[in-house]
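Undergrad: So that you have it, the file is work23.txt, and it contains compact mmCIF, C-alpha atoms:
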# COMPACT_ATOMS: atom_id res chain seq x y z
CA MET A 1 2.84 -51.88 -15.00
CA LYS A 2 -0.83 -52.44 -14.53
CA ILE A 3 -2.92 -52.93 -17.61
CA ALA A 4 -6.52 -51.77 -17.51
CA PRO A 5 -7.96 -52.92 -20.81
CA GLU A 6 -11.48 -51.78 -19.99
CA ARG A 7 -10.27 -48.21 -19.94
CA PHE A 8 -8.36 -48.21 -23.20
CA ALA A 9 -9.38 -45.50 -25.59
CA SER A 10 -12.31 -46.58 -27.67
CA ARG A 11 -13.11 -45.36 -31.15
CA ARG A 12 -15.42 -42.81 -29.60
CA ASP A 13 -12.55 -41.46 -27.47
CA THR A 14 -10.26 -41.26 -30.46
CA ILE A 15 -12.86 -39.41 -32.49
CA ALA A 16 -13.47 -37.00 -29.62
CA PHE A 17 -9.77 -36.35 -29.32
CA ILE A 18 -9.35 -35.77 -33.07
CA LEU A 19 -12.30 -33.40 -33.02
CA CYS A 20 -10.78 -31.49 -30.13
CA VAL A 21 -7.46 -31.24 -31.94
CA VAL A 22 -9.15 -30.06 -35.12
CA LEU A 23 -11.21 -27.49 -33.23
CA SER A 24 -8.25 -26.15 -31.30
CA LEU A 25 -6.03 -25.92 -34.36
CA SER A 26 -8.87 -24.21 -36.20
CA ALA A 27 -9.09 -21.71 -33.37
CA ARG A 28 -5.34 -21.24 -33.66
CA LEU A 29 -5.54 -20.60 -37.39
CA MET A 30 -8.58 -18.32 -37.25
CA PRO A 31 -8.14 -14.68 -38.27
CA PRO A 32 -7.19 -12.46 -35.33
CA THR A 33 -10.55 -10.66 -35.40
CA ALA A 34 -12.41 -13.97 -35.02
CA GLN A 35 -10.01 -14.99 -32.24
CA ASP A 36 -10.68 -11.69 -30.45
CA ALA A 37 -14.43 -12.19 -30.80
CA LEU A 38 -14.15 -15.70 -29.37
CA SER A 39 -11.95 -14.44 -26.54
CA ASP A 40 -14.53 -11.78 -25.74
CA ALA A 41 -17.27 -14.40 -25.66
CA ILE A 42 -15.22 -16.59 -23.33
CA ARG A 43 -14.52 -13.65 -21.04
CA ILE A 44 -18.26 -12.89 -20.89
CA VAL A 45 -18.93 -16.47 -19.85
CA MET A 46 -16.11 -16.28 -17.33
CA VAL A 47 -17.32 -13.05 -15.71
CA PRO A 48 -17.88 -14.61 -12.27
CA ALA A 49 -14.37 -16.08 -12.27
CA ILE A 50 -12.87 -12.79 -13.44
CA TRP A 51 -14.82 -10.96 -10.73
CA LEU A 52 -13.42 -13.39 -8.14
CA GLN A 53 -9.92 -12.79 -9.45
CA GLU A 54 -10.43 -9.02 -9.31
CA GLN A 55 -11.59 -9.23 -5.70
CA THR A 56 -8.51 -11.24 -4.78
CA ALA A 57 -6.30 -8.74 -6.58
CA LEU A 58 -8.03 -5.88 -4.78
CA THR A 59 -7.47 -7.60 -1.45
CA LEU A 60 -3.84 -8.08 -2.34
CA GLU A 61 -3.46 -4.43 -3.30
CA ALA A 62 -5.38 -3.25 -0.24
CA ARG A 63 -3.14 -5.07 2.21
CA PRO A 64 -0.21 -2.58 2.11
CA LEU A 65 -2.75 0.23 1.86
CA VAL A 66 -4.36 -0.88 5.11
CA SER A 67 -0.96 -0.84 6.82
CA LEU A 68 -0.31 2.62 5.43
CA LEU A 69 -3.71 3.92 6.51
CA THR A 70 -3.28 2.39 9.95
CA ALA A 71 0.09 4.11 10.32
CA GLN A 72 -1.39 7.41 9.15
CA ARG A 73 -4.32 7.06 11.53
CA ASP A 74 -1.97 6.32 14.43
CA SER A 75 0.19 9.32 13.54
CA THR A 76 -2.88 11.53 13.37
CA ALA A 77 -4.10 10.25 16.72
CA LEU A 78 -0.68 10.95 18.22
CA ASP A 79 -0.63 14.42 16.69
CA SER A 80 -4.07 15.19 18.06
CA LEU A 81 -2.94 14.02 21.49
CA ARG A 82 0.11 16.28 21.27
CA LEU A 83 -2.14 19.09 20.13
CA TYR A 84 -4.38 18.57 23.14
CA ILE A 85 -1.38 18.61 25.48
CA LEU A 86 -0.03 21.74 23.80
CA THR A 87 -3.40 23.46 23.98
CA GLU A 88 -3.71 22.57 27.63
CA GLU A 89 -0.21 23.78 28.38
CA ASN A 90 -0.79 26.92 26.38
CA SER A 91 -3.96 27.61 28.31
CA GLN A 92 -2.17 27.11 31.64
CA LEU A 93 0.65 29.41 30.55
CA ARG A 94 -1.79 32.12 29.49
CA GLU A 95 -3.58 31.92 32.81
CA LEU A 96 -0.27 31.94 34.65
CA LEU A 97 0.89 34.97 32.69
CA SER A 98 -2.34 36.75 33.44
CA LEU A 99 -2.02 35.93 37.13
CA ALA A 100 1.61 37.04 37.19
CA ILE A 101 0.68 40.43 35.77
CA ARG A 102 -2.00 40.97 38.41
CA MET A 103 0.06 39.61 41.27
CA PRO A 104 0.80 42.48 43.69
CA THR A 105 3.69 40.77 45.40
CA ARG A 106 7.13 39.58 44.28
CA HIS A 107 7.09 36.21 42.62
CA VAL A 108 8.87 33.93 40.18
CA ALA A 109 7.37 31.58 37.61
CA ALA A 110 8.58 27.98 37.53
CA GLU A 111 8.05 24.94 35.42
CA VAL A 112 7.07 21.68 37.05
CA LEU A 113 9.85 19.25 36.13
CA HIS A 114 8.35 16.20 37.73
CA GLN A 115 4.60 15.87 37.41
CA ALA A 116 2.86 14.68 40.52
CA SER A 117 1.16 11.38 40.06
CA PRO A 118 -2.57 11.56 40.72
CA LEU A 119 -2.25 8.51 42.97
CA GLY A 120 0.10 9.53 45.71
CA GLU A 121 3.07 11.75 44.91
CA TYR A 122 3.33 14.58 47.35
CA THR A 123 6.10 16.71 45.88
CA LEU A 124 6.85 18.70 42.75
CA LEU A 125 10.29 19.51 41.39
CA LEU A 126 10.31 23.12 40.21
CA SER A 127 12.68 24.77 37.76
CA ALA A 128 13.31 27.80 39.99
CA GLY A 129 15.79 27.79 42.86
CA SER A 130 17.66 30.08 45.21
CA ASP A 131 19.29 31.82 42.23
CA ASP A 132 15.80 33.01 41.32
CA GLY A 133 15.05 34.12 44.84
CA VAL A 134 13.09 31.08 45.94
CA VAL A 135 13.27 30.49 49.67
CA ASP A 136 12.18 27.74 51.99
CA MET A 137 8.47 27.83 52.95
CA ALA A 138 7.55 30.07 50.00
CA PRO A 139 3.95 29.51 48.84
CA VAL A 140 3.42 27.84 45.50
CA ILE A 141 0.31 28.72 43.54
CA ALA A 142 -1.29 28.08 40.19
CA PRO A 143 -3.78 30.31 38.36
CA GLN A 144 -6.62 28.37 40.01
CA GLY A 145 -5.26 28.58 43.55
CA LEU A 146 -3.09 26.93 46.15
CA VAL A 147 -0.62 24.20 45.13
CA GLY A 148 1.71 23.83 48.09
CA VAL A 149 4.79 25.19 49.76
CA ILE A 150 8.53 25.07 49.08
CA ARG A 151 10.34 22.55 51.24
CA THR A 152 13.85 22.29 49.81
CA VAL A 153 15.76 24.80 47.73
CA SER A 154 18.88 24.34 45.64
CA ALA A 155 20.55 26.81 43.31
CA SER A 156 18.48 26.15 40.22
CA THR A 157 15.64 23.94 41.40
CA SER A 158 13.39 23.55 44.36
CA VAL A 159 11.05 20.96 45.78
CA ALA A 160 7.51 21.87 46.72
CA VAL A 161 5.28 19.86 49.00
CA VAL A 162 1.79 19.90 47.54
CA TRP A 163 -1.38 20.17 49.59
CA THR A 164 -2.12 16.44 49.11
CA HIS A 165 0.67 15.64 51.58
CA PRO A 166 -0.89 14.13 54.73
CA ASP A 167 0.92 16.65 56.95
CA PHE A 168 -0.11 19.68 54.94
CA ARG A 169 -2.22 22.27 56.76
CA VAL A 170 -3.24 25.79 55.89
CA SER A 171 -5.36 28.28 57.78
CA ALA A 172 -8.47 29.06 55.76
CA MET A 173 -11.44 31.36 55.67
CA THR A 174 -14.58 31.94 53.70
CA ALA A 175 -14.69 34.65 51.04
CA ASP A 176 -16.33 37.20 53.37
CA GLY A 177 -13.72 36.54 56.06
CA THR A 178 -16.25 35.65 58.76
CA VAL A 179 -15.56 31.95 59.23
CA PHE A 180 -12.12 30.49 59.85
CA GLY A 181 -10.75 26.97 60.00
CA ILE A 182 -7.92 24.70 58.98
CA ALA A 183 -7.81 23.11 55.51
CA GLU A 184 -6.06 19.77 55.01
CA PRO A 185 -6.16 16.83 52.60
CA ARG A 186 -8.97 14.29 52.88
CA GLY A 187 -8.87 10.86 51.24
CA ARG A 188 -9.92 10.33 47.66
CA ALA A 189 -13.22 10.92 45.95
CA GLY A 190 -12.22 8.85 42.95
CA LEU A 191 -9.29 7.91 40.82
CA GLY A 192 -6.95 10.85 40.56
CA THR A 193 -9.08 13.15 42.66
CA VAL A 194 -8.05 14.12 46.16
CA LEU A 195 -10.40 16.11 48.31
CA MET A 196 -9.71 18.56 51.13
CA GLU A 197 -11.53 19.23 54.30
CA LEU A 198 -12.10 22.37 56.29
CA ARG A 199 -11.86 21.53 59.99
CA GLY A 200 -12.42 23.44 63.16
CA ILE A 201 -15.36 25.50 62.00
CA PRO A 202 -17.26 26.74 65.10
CA PHE A 203 -20.47 24.81 65.63
CA ARG A 204 -22.62 27.90 65.47
CA GLU A 205 -21.25 28.90 62.05
CA ASP A 206 -22.75 27.64 58.83
CA VAL A 207 -20.83 27.59 55.60
CA PRO A 208 -23.14 27.28 52.58
CA ILE A 209 -22.41 24.57 50.02
CA GLY A 210 -20.55 26.11 47.09
CA SER A 211 -18.78 28.76 49.17
CA HIS A 212 -15.24 29.55 48.13
CA VAL A 213 -12.51 29.07 50.69
CA TYR A 214 -9.28 31.06 50.73
CA THR A 215 -6.12 31.17 52.73
CA SER A 216 -6.67 33.42 55.72
CA GLY A 217 -3.12 34.69 56.04
CA ARG A 218 -3.42 34.34 59.76
CA GLY A 219 -0.09 33.88 61.37
CA SER A 220 1.92 35.18 58.44
CA HIS A 221 3.41 37.79 60.74
CA LEU A 222 4.36 34.95 63.11
CA GLY A 223 6.18 32.96 60.47
CA GLY A 224 3.16 31.51 58.64
CA ALA A 225 3.74 30.64 55.03
CA PHE A 226 0.67 31.76 53.11
CA PRO A 227 -0.58 35.24 52.38
CA ARG A 228 -4.27 36.02 52.56
CA GLY A 229 -6.54 35.35 49.60
CA ILE A 230 -5.20 32.28 47.79
CA PRO A 231 -8.13 30.10 46.62
CA ILE A 232 -8.11 26.71 48.35
CA GLY A 233 -11.33 25.15 47.17
CA THR A 234 -15.10 25.12 47.24
CA VAL A 235 -17.32 23.73 49.98
CA ARG A 236 -18.82 20.50 48.76
CA ALA A 237 -20.63 19.02 51.76
CA LEU A 238 -20.83 18.96 55.52
CA ALA A 239 -18.67 16.05 56.64
CA GLU A 240 -19.26 15.76 60.37
CA GLN A 241 -20.21 17.66 63.52
CA SER A 242 -18.42 16.84 66.74
CA GLU A 243 -20.53 17.04 69.86
CA GLY A 244 -21.60 20.62 69.50
CA TRP A 245 -18.06 21.92 69.31
CA SER A 246 -17.05 22.15 65.67
CA LYS A 247 -17.93 21.19 62.12
CA THR A 248 -15.91 19.79 59.29
CA TYR A 249 -16.70 20.50 55.65
CA VAL A 250 -15.50 18.64 52.57
CA LEU A 251 -13.85 20.85 49.97
CA SER A 252 -13.37 20.40 46.24
CA PRO A 253 -9.81 21.66 45.85
CA ALA A 254 -9.11 24.54 43.52
CA VAL A 255 -6.03 22.82 42.10
CA GLN A 256 -5.27 19.18 41.39
CA PRO A 257 -1.44 19.09 41.58
CA GLY A 258 -1.25 16.23 39.09
CA SER A 259 -2.46 18.48 36.29
CA VAL A 260 -0.21 21.43 36.98
CA SER A 261 2.64 22.13 34.57
CA HIS A 262 3.63 25.67 35.57
CA VAL A 263 3.40 27.47 38.91
CA ILE A 264 4.20 30.74 40.58
CA VAL A 265 6.35 30.86 43.68
CA LEU A 266 5.51 33.84 45.85
CA LEU A 267 8.54 35.60 47.28
CA GLY A 268 6.85 38.29 49.32
CA ALA A 269 4.05 36.81 51.35
CA ASP A 270 2.59 39.65 53.37
CA ASP A 271 -0.02 41.12 51.05
CA ASP A 272 -3.63 40.16 50.47
CA ILE A 273 -3.50 38.68 47.01
CA ALA A 274 -7.17 37.75 46.65
CA PRO A 275 -7.81 40.45 43.98
CA ALA A 276 -5.25 38.77 41.72
CA PHE A 277 -7.48 35.70 41.52
CA GLU A 278 -10.65 37.60 40.75
CA PRO A 279 -11.87 37.14 37.19
CA GLU A 280 -10.77 39.79 34.76
CA ASP A 281 -13.33 42.17 33.32
CA PRO A 282 -14.00 41.28 29.70
CA MET B 1 -19.28 -46.62 -14.45
CA LYS B 2 -19.21 -44.13 -11.63
CA ASN B 3 -22.25 -43.72 -9.49
CA GLY B 4 -23.89 -40.36 -8.85
CA ARG B 5 -22.32 -39.73 -5.46
CA THR B 6 -18.80 -40.34 -6.77
CA ARG B 7 -19.42 -37.96 -9.65
CA LEU B 8 -20.70 -35.36 -7.23
CA LYS B 9 -17.59 -35.61 -5.07
CA LEU B 10 -15.32 -35.39 -8.09
CA GLY B 11 -17.29 -32.38 -9.30
CA ALA B 12 -16.91 -30.72 -5.90
CA VAL B 13 -13.13 -31.19 -5.93
CA ILE B 14 -12.88 -29.81 -9.46
CA LEU B 15 -15.08 -26.85 -8.53
CA LEU B 16 -12.85 -26.19 -5.53
CA LEU B 17 -9.76 -26.22 -7.75
CA PHE B 18 -11.51 -23.92 -10.20
CA VAL B 19 -12.32 -21.45 -7.42
CA LEU B 20 -8.76 -21.70 -6.07
CA GLU B 21 -7.42 -20.82 -9.51
CA PHE B 22 -9.21 -17.47 -9.41
CA SER B 23 -9.04 -16.75 -5.69
CA LEU B 24 -5.80 -18.22 -4.35
CA ARG B 25 -3.51 -18.10 -7.36
CA PRO B 26 -3.70 -14.31 -7.77
CA LEU B 27 -2.23 -14.06 -4.27
CA PHE B 28 1.05 -15.35 -5.74
CA GLY B 29 1.10 -12.27 -7.98
CA GLU B 30 3.09 -12.64 -11.19
CA SER B 31 5.16 -15.52 -9.86
CA PRO B 32 5.86 -18.02 -12.66
CA ILE B 33 5.90 -20.91 -10.20
CA ALA B 34 2.42 -20.37 -8.76
CA PRO B 35 0.42 -23.63 -8.76
CA ASP B 36 -1.82 -24.10 -11.79
CA PHE B 37 -5.11 -25.18 -10.23
CA LEU B 38 -7.00 -25.19 -13.54
CA MET B 39 -4.55 -27.68 -15.03
CA LEU B 40 -4.69 -29.63 -11.79
CA ALA B 41 -8.47 -29.82 -12.08
CA LEU B 42 -8.10 -31.16 -15.63
CA LEU B 43 -5.59 -33.83 -14.58
CA VAL B 44 -7.63 -34.86 -11.52
CA TYR B 45 -10.59 -35.27 -13.85
CA ALA B 46 -8.48 -37.06 -16.48
CA ILE B 47 -7.13 -39.74 -14.12
CA GLY B 48 -10.66 -40.82 -13.33
CA THR B 49 -12.37 -40.68 -16.69
CA ARG B 50 -12.21 -41.88 -20.30
CA PRO B 51 -9.68 -40.30 -22.68
CA GLY B 52 -12.37 -38.81 -24.91
CA ASN B 53 -14.05 -37.02 -22.01
CA ALA B 54 -10.67 -35.81 -20.77
CA ALA B 55 -9.88 -34.44 -24.24
CA VAL B 56 -13.13 -32.47 -24.31
CA ALA B 57 -12.50 -31.20 -20.78
CA GLY B 58 -9.00 -30.22 -21.89
CA LEU B 59 -10.41 -28.33 -24.85
CA VAL B 60 -12.73 -26.38 -22.53
CA VAL B 61 -9.96 -25.61 -20.03
CA GLY B 62 -7.65 -24.61 -22.86
CA LEU B 63 -10.25 -22.28 -24.38
CA ILE B 64 -10.85 -20.68 -21.00
CA ARG B 65 -7.11 -20.09 -20.65
CA ASP B 66 -6.83 -18.79 -24.21
CA GLY B 67 -9.79 -16.49 -23.64
CA LEU B 68 -8.31 -15.03 -20.47
CA VAL B 69 -4.70 -14.86 -21.70
CA PRO B 70 -4.92 -14.49 -25.48
CA ASP B 71 -1.19 -14.77 -26.31
CA ALA B 72 -1.62 -17.46 -28.91
CA PHE B 73 -5.31 -18.27 -29.15
CA GLY B 74 -5.93 -21.98 -29.77
CA ALA B 75 -2.54 -23.15 -28.57
CA GLY B 76 -3.84 -23.62 -25.05
CA ALA B 77 -6.89 -25.48 -26.30
CA PHE B 78 -4.72 -27.84 -28.33
CA ALA B 79 -2.21 -28.44 -25.53
CA HIS B 80 -4.81 -29.02 -22.84
CA ALA B 81 -6.95 -31.31 -25.02
CA THR B 82 -3.89 -33.36 -25.91
CA ILE B 83 -2.62 -33.58 -22.33
CA GLY B 84 -6.10 -34.45 -21.08
CA TYR B 85 -6.41 -37.27 -23.58
CA LEU B 86 -2.88 -38.59 -23.02
CA ALA B 87 -3.20 -38.40 -19.23
CA ALA B 88 -6.43 -40.39 -19.21
CA TRP B 89 -5.15 -42.86 -21.80
CA SER B 90 -1.76 -43.44 -20.20
CA LYS B 91 -3.33 -43.70 -16.75
CA ALA B 92 -5.66 -46.36 -18.07
CA VAL B 93 -3.00 -48.30 -19.94
CA PHE B 94 0.17 -48.02 -17.88
CA PHE B 95 -0.16 -46.51 -14.44
CA ALA B 96 -1.20 -47.87 -11.11
CA ASP B 97 -3.66 -45.92 -8.98
CA ASN B 98 -0.92 -44.58 -6.72
CA LEU B 99 -0.21 -41.21 -5.11
CA TYR B 100 3.39 -40.94 -6.36
CA VAL B 101 2.45 -41.98 -9.86
CA ASN B 102 -0.23 -39.32 -9.87
CA ALA B 103 2.32 -36.75 -8.62
CA ALA B 104 4.61 -37.68 -11.54
CA LEU B 105 1.65 -37.44 -13.89
CA PHE B 106 0.93 -33.91 -12.67
CA PHE B 107 4.56 -32.93 -13.07
CA PHE B 108 5.01 -34.25 -16.60
CA GLY B 109 1.52 -33.14 -17.59
CA ILE B 110 2.39 -29.51 -16.80
CA TRP B 111 5.76 -29.74 -18.48
CA MET B 112 4.41 -31.33 -21.64
CA ARG B 113 1.52 -28.86 -21.72
CA ASP B 114 4.01 -25.99 -21.82
CA VAL B 115 6.08 -27.72 -24.51
CA LEU B 116 2.99 -28.21 -26.65
CA MET B 117 1.84 -24.64 -26.12
CA TRP B 118 5.23 -23.42 -27.25
CA LEU B 119 5.23 -25.70 -30.28
CA VAL B 120 1.79 -24.53 -31.41
CA GLY B 121 1.90 -20.97 -30.14
CA ARG B 122 5.53 -20.00 -30.83
CA HIS B 123 5.04 -16.92 -28.70
CA ALA B 124 8.56 -17.14 -27.23
CA GLN B 125 11.89 -17.38 -29.01
CA GLY B 126 15.54 -18.26 -28.43
CA ILE B 127 17.08 -18.35 -25.00
CA GLU B 128 13.76 -17.38 -23.46
CA VAL B 129 12.33 -20.76 -24.51
CA LEU B 130 15.21 -22.59 -22.89
CA TRP B 131 14.76 -20.69 -19.66
CA GLN B 132 11.03 -21.22 -19.75
CA LEU B 133 10.98 -24.92 -20.57
CA GLY B 134 14.19 -25.86 -18.75
CA TYR B 135 13.85 -23.85 -15.57
CA TRP B 136 10.54 -22.12 -14.92
CA THR B 137 8.25 -24.84 -16.25
CA PRO B 138 9.81 -27.61 -14.10
CA LEU B 139 9.51 -25.36 -11.04
CA HIS B 140 5.94 -24.55 -11.97
CA ALA B 141 5.27 -28.26 -12.53
CA LEU B 142 6.81 -29.06 -9.16
CA THR B 143 4.64 -26.62 -7.21
CA THR B 144 1.55 -27.76 -9.08
CA SER B 145 2.46 -31.38 -8.50
CA LEU B 146 2.91 -30.77 -4.77
CA SER B 147 -0.43 -28.98 -4.67
CA GLY B 148 -1.96 -31.93 -6.50
CA VAL B 149 -0.53 -34.37 -3.97
CA LEU B 150 -2.01 -32.26 -1.20
CA VAL B 151 -5.40 -32.29 -2.88
CA LEU B 152 -5.24 -36.07 -3.39
CA LEU B 153 -4.23 -36.59 0.23
CA ILE B 154 -7.05 -34.43 1.52
CA PHE B 155 -9.67 -35.90 -0.78
CA ARG B 156 -8.22 -39.42 -1.09
CA ARG B 157 -11.46 -41.04 -0.02
CA TRP B 158 -13.56 -39.01 -2.38
CA LEU B 159 -11.18 -39.60 -5.29
CA HIS B 160 -10.40 -43.26 -4.37
CA VAL B 161 -6.64 -42.71 -4.36
CA ARG B 162 -4.40 -45.35 -2.79
CA ILE B 163 -1.50 -43.90 -0.84
CA GLY B 164 1.00 -46.72 -0.27
CA GLU B 165 0.84 -48.96 -3.31
Starting from the file, give its structure as structure tokens.
TA:
Amino acid sequence: MKIAPERFASRRDTIAFILCVVLSLSARLMPPTAQDALSDAIRIVMVPAIWLQEQTALTLEARPLVSLLTAQRDSTALDSLRLYILTEENSQLRELLSLAIRMPTRHVAAEVLHQASPLGEYTLLLSAGSDDGVVDMAPVIAPQGLVGVIRTVSASTSVAVVWTHPDFRVSAMTADGTVFGIAEPRGRAGLGTVLMELRGIPFREDVPIGSHVYTSGRGSHLGGAFPRGIPIGTVRALAEQSEGWSKTYVLSPAVQPGSVSHVIVLLGADDDIAPAFEPEDP
Amino acid sequence: MKNGRTRLKLGAVILLLFVLEFSLRPLFGESPIAPDFLMLALLVYAIGTRPGNAAVAGLVVGLIRDGLVPDAFGAGAFAHATIGYLAAWSKAVFFADNLYVNAALFFFGIWMRDVLMWLVGRHAQGIEVLWQLGYWTPLHALTTSLSGVLVLLIFRRWLHVRIGE
């Protein structure tokens, strides 16, 4: 035990203590109204501390609220994304339905079961098969134009090769049917976008930028796959000219297979189906 | 006699504890074992000052508490003034300037404060008093004491606290 005599309570300390005791006991014995008034005065003095306490309490209360709001915001964002997908799908279905009504040849609608990746998938799994009349080499189209061609058929499904496949070729022509060539895939113009090119255009022929290109249907009577008049794309630029023999044009494709969810498989491929793709009169 | 710089440091620590009472303690919600930073500020002040000053500080702290939680107005003022005086007096007479002794002082200071408040306030009765003084108050005193030790360790140079002795 360490004694510190210089810090013993002096008379002044004792008097201060007794005064404090008397004051506190007086406060205890005061009438309730006087106690309330004193409490109010103390609370006025302590306003900054009470404000600090309120802010802490608000923070504490806000914490679960923030979690709740975050969850609600995430749910709303997810809902809006679903809504966008549904709207997009609905729009595609409406266009497909409209095209199906106008289509002069036999056909069957199919759902794309496996979406093509924008970075390199070349096939689509379709929900229609031989039971629906789908046959090998049947053309596959979307409301905007050419998608590809059926390669393998099973009873209830089929596999279509899309035009992005490196070996894909289709005979093409301009809208007025005066210039003919071969359309095929051409590299990438950017992430998710694959371009086409129109090759073999005679050197003397000029195809204006912005011209629409369709399937020519040439060779369909010799076993060719595509009927005449399916939109392939739009001329974007002149790519190259080879020694006075031919020209190649770059095309913006009418359909990006990665964004297709529903297609039409044509079952009778001999007619000119260009009118089906013409815009409807309002 | 303390010099100005020492007083300033002590004042800063007490101000910090005062702010913690109103900013950190509410985070514990209604928990009865949340550290009592206001009482801690009083005891930190008491161990370094004269008993009379500690009694006056205790009266002020007690009135603040009574004003904010008016269960038994005046009881807090009495209890805090008494504990402040006794803490400063007993520290001066008996106790070494040691961390563990200070921790014990915090613990018993809280416990005795609650006993005195009950004696003067009488706002609880029967088995509730036993639970309060025999269970909750010791837990409350323990958490406050641990908080006090932490404060002394952090500010040992400012408060001139010896750790090992």
Undergrad: Could you tell me how far atom CA of Pro185 of chain A sits from atom CA of Ser127 of chain A, in Å to one decimal place?
TA: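 Value for the atom CA of Ser127 of chain A-atom CA of Pro185 of chain A distance: 25.3 Å.
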Undergrad: Please check the contacts: residues of chain B at most 10 Å away from chain A, using all atoms listed in the file, listed as a PyMOL selection string.
TA: chain B and resi 18-29+48-60+62-70+72-82+84-86+88-97+120-121
Undergrad: May I ask which of the residues A:Val213, A:Leu93, A:Val135, A:Leu266 is the closest one to Asp176 of chain A, counting only C-alpha atoms?
TA: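 Closest residue, counting only C-alpha atoms: A:Val213.
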Undergrad: So the first atom is atom CA of Gly200 of chain A and the second is atom CA of Trp245 of chain A; what is the distance between them in Å, to one decimal place?
TA: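 Between atom CA of Gly200 of chain A and atom CA of Trp245 of chain A the gap works out to 8.5 Å.
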Undergrad: Compare B:Ile110, B:Trp158, B:Val101, B:Ala34 by their minimum atom-to-atom distance to Pro138 of chain B, counting all atoms listed in the file, and give me the closest one.
TA: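 Closest residue, counting all atoms listed in the file: B:Ile110.
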